[in-house]
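Some notes on the structure that comes next.
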Amino acid sequence: MISRSERSLNYLILSLFAVFALYPLLSILTGALAPAGTSPGLLPTEISFDNFAEAWELGRFGQYLRTSAVVSGSVVVLATLMSIMAGYAFGTMRFRGSGVLFYLLLLGIMVPTEALVVPLFFDLRELGLTNTYWALILPQTAQSVAFGTFWMRAYFMTSSRALVEAARVDGAGHWRTLWSVLLPVGRPAMVTMIVLVFMWTWNEFLIPLVMVTDESLRTAPLGLAFFQGQYTADVRLLAAGAAIVAVPVIIVYLFLQRHFIRGMLEGSTRG
Amino acid sequence: MTTAAASRPVAATRPPRESGKGRAPGEPRRVAYLYILPAYVVFVLFMLVPLVRAANISLFDWNGLTPATWVGFENYQEIVSDAGLRAAFGHAAVLIFFYAVFPVVVALLLVATMTRARLRGLGFYRTVLFLPQVIAMVVVAVAWRNIYAPDGPLNQVLRAVGLDGLARAWLGDFTWALPAVGFVGTWVQMGLCIVLFLAGVSKIPRDLYDAVRLDGAGPVREFFTIVLPALRNEISVALTLTVIAALRNFDLVYMTTRGGPGTATSVPAFEVYRRAFQVGDVGSAAAVAVTLTLLIFLITVGITRVAERSEP
């Protein structure tokens, strides 16, 4: 059916594009690992971690990573709890206005951050909330909740009716049915939502850029932007800083890549 | 969606087209309101209210400090009449080509050559090809700024093969800065399209190919009669995601060119920021933001409609 040469050609094409996808990222890694005084080539002959140490110190990445961890962690926890509860209601219960309320949420999924950030900044400044963790966490929770509710509702709608009935016969109320019957089975859906929300929050740039001027509240991507402004010419330091910012998401991606791909693609095919 | 790429998914999701009139299953329950309350409070306060406020602000002339003056739809008229803003939307159109049209077409042609193969080890390729999607745009920008730098890898290669004439400061060049930024978008979206289409063709039954081949169809007809129709859904998803990513590329523009040189790479997403926080023309910024949002709505709905209508 399919000849050997055709098969090899397919692999060749795929490999070419894989190299294309990897090259810019590898160039960061090799740049970051190149010892000072050498010009970063594609394959380093010797490697050194000095750039990381120097970037870490000069760029205060430790502090930025901590802020990013606090913000991402808070958004993930808040958005997950809220989305599970709201998705449960939209997916398994009938109530007046549920259609309208749900479509409003869907609308929220399509609203770009660019449109929210202008009024948010001026209104939160009025309330004295700019330059606080709240200004970073709450807007991103709202965005995540819109997607999360949509995502969890889809899971709860397909969840087994029989399971719910059985739980009810056992005398479980709606609260216990959710947490001890439906959710354990829905772990994969939940994990997908969590990794996506984590990634979006970790990578978010515009909201921190606008909302905080306080250096102690800079998230990792924002810190990298300022670092770039200061050390524009130092390719090795910049590469090290960029690698530091990217690593947490890459680690999660490597372990849970199925969830990332499924979530980002299926989230759109569904419906 | 920011995107896309690794940014928040504006339209990682599209309106569901379910037949039941939006009615959830299950029995009537008042307690449902309590369940949605926490999510809805945050959603209303930090999403709906700002959205309404953006529309409101867009009707004023306001510098962000002194009292605002009502100007009606003047800020919207400016989008058409102001050469700078018109140019920004024009640049967005160019970027749509680089982010959406080019990757989708290339990925389609590519996948079309692979339809008959059942390839092993696809998981590895999928992981690698999808990787650009999950990396922060800020990091991507650092990588590409280096590639495009005057003495960066791209120019080194050009000089090494004797094309010194082509070497230039790509991001500082009035003609080449926009395509250079656009090509980063191509890089980010290409893998997504390939992964999506590969998954799509793997669902096409093999006998279908054998059938058209018995009819004497060549690869071109095979592409148009089998592959293209079968991937209709995937194409619509890919276009939605990539077009929106092209419209929401603030991070990349901010990190690589800040709209420059001159205004060669100014785009609506960047104009929102520049006008609101650097120039002090908040009303105009809000008008651009609202227009951008409407554009995203229309494109999302439009692409979905077209995909549905072309359903056989």
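Within each chain, counting starts at residue 1; across the structure tokens, chains are named A, B, ... in the order shown, with ligands numbered 1 upward in that order.
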Filtered DSSP result for segment 66-269 of chain B, state alpha helix (DSSP H), as a ChimeraX atom specification: /B:74-81,83-96,102-112,122-134,137-148,153-160,177-201,206-214,219-222,228-230,232-247,250-256,268-269
Spatial neighbours of Leu171 of chain B, 10 Å, only C-alpha atoms, chain gap at least 4 places, as JSON, numbers by chain: {"B": [144, 145, 148, 149, 150, 175, 176, 177, 178, 179, 180, 181, 256, 257, 260, 261, 264, 265]}
Test item: residues at most 7 Å from Ala39 of chain B, only C-alpha atoms, excluding those fewer than 6 positions along its chain, as a PyMOL selection string: chain A and resi 82-83+86+145
With N, CA and C atoms kept, could you save the residues just selected as a CSV table (one decimal), in the first residue's frame?
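Everything below was put into out-v1.csv:
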```csv
chain,number,residue,atom,x,y,z
A,82,MET,N,-14.7,27.6,41.6
A,82,MET,CA,-15.8,28.2,41.1
A,82,MET,C,-16.4,27.6,39.8
A,83,SER,N,-15.5,27.2,39.0
A,83,SER,CA,-15.9,26.5,37.7
A,83,SER,C,-16.5,25.2,37.9
A,86,ALA,N,-20.1,26.0,39.3
A,86,ALA,CA,-20.9,26.6,38.3
A,86,ALA,C,-21.2,25.6,37.2
A,145,VAL,N,-12.7,31.6,34.8
A,145,VAL,CA,-14.0,31.0,35.2
A,145,VAL,C,-14.9,30.9,34.0
```
Counting only C-alpha atoms, the residue of B:Ser81, B:Thr66, B:Thr127, B:Asn75 that sits nearest Ile261 of chain A: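 Closest to Ile261 of chain A of all the choices is B:Thr127.
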Contacts of Pro221 of chain A within 8 Å, only C-alpha atoms, excl. fewer than 3 positions in-chain, as a ChimeraX atom specification: /A:202-205,224-225,245 /B:136,138-139
Residues flagged strand (DSSP E) by DSSP in segment 26-265 of chain B, as a ChimeraX atom specification: /B:60-61,69-70
Can you write out the residues you just picked, keeping N, CA and C atoms, as a PDB file, in the first residue's frame?
```
ATOM      1  N   PHE B  60     -16.296  58.959  25.128  1.00  0.00           N
ATOM      2  CA  PHE B  60     -15.796  60.202  25.712  1.00  0.00           C
ATOM      3  C   PHE B  60     -14.402  60.550  25.196  1.00  0.00           C
ATOM      4  N   ASP B  61     -14.089  61.829  25.300  1.00  0.00           N
ATOM      5  CA  ASP B  61     -12.719  62.261  25.113  1.00  0.00           C
ATOM      6  C   ASP B  61     -12.136  62.381  26.506  1.00  0.00           C
ATOM      7  N   THR B  69     -15.023  64.494  28.411  1.00  0.00           N
ATOM      8  CA  THR B  69     -16.047  65.193  27.625  1.00  0.00           C
ATOM      9  C   THR B  69     -16.716  64.210  26.683  1.00  0.00           C
ATOM     10  N   TRP B  70     -18.035  64.298  26.640  1.00  0.00           N
ATOM     11  CA  TRP B  70     -18.827  63.427  25.762  1.00  0.00           C
ATOM     12  C   TRP B  70     -18.561  63.771  24.302  1.00  0.00           C
TER      13      TRP B  70
END
```
Long-range neighbours of Leu196 of chain A as a list in words, 8 Å cut-off, only C-alpha atoms, 6 positions minimum in chain: Phe260, Gly263 and Met264 of chain A
Surrounding residues of Ile244 of chain A excluding itself and chain neighbours under 2 positions, 10 Å, only C-alpha atoms, as a PyMOL selection string: (chain A and resi 32+52+55-56+61-62+65+220-221+224+238-242+246-248) or (chain B and resi 139)
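In this model, the gap between atom CA of Gly108 of chain A and atom CA of Val210 of chain A comes to 20.3 Å.
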Proximity to chain B - best of A:Leu217, A:Ala243, A:Leu129, A:Leu182, only C-alpha atoms: A:Ala243
Neighbour list for segment 290-303 of chain B as JSON, numbers by chain, cut-off 7 Å, only C-alpha atoms, skip fewer than 5 positions in-chain: {"A": [110, 111, 112, 115], "B": [54, 55, 236, 240, 244]}
For Ile251 of chain A, the nearest of the candidates B:Leu247, B:Ile135, B:Ala269, B:Leu122, counting only C-alpha atoms: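 Closest residue, counting only C-alpha atoms: B:Ile135.
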Counting only C-alpha atoms, the residue of B:Thr304, B:Gln278, B:Ser266, B:Thr186 that sits nearest Ala88 of chain B: B:Ser266
Top pick for closest residue to Tyr33 of chain B, considering A:Asn10, A:Gln143, A:Ser98, A:Gln63 and counting only C-alpha atoms: A:Ser98
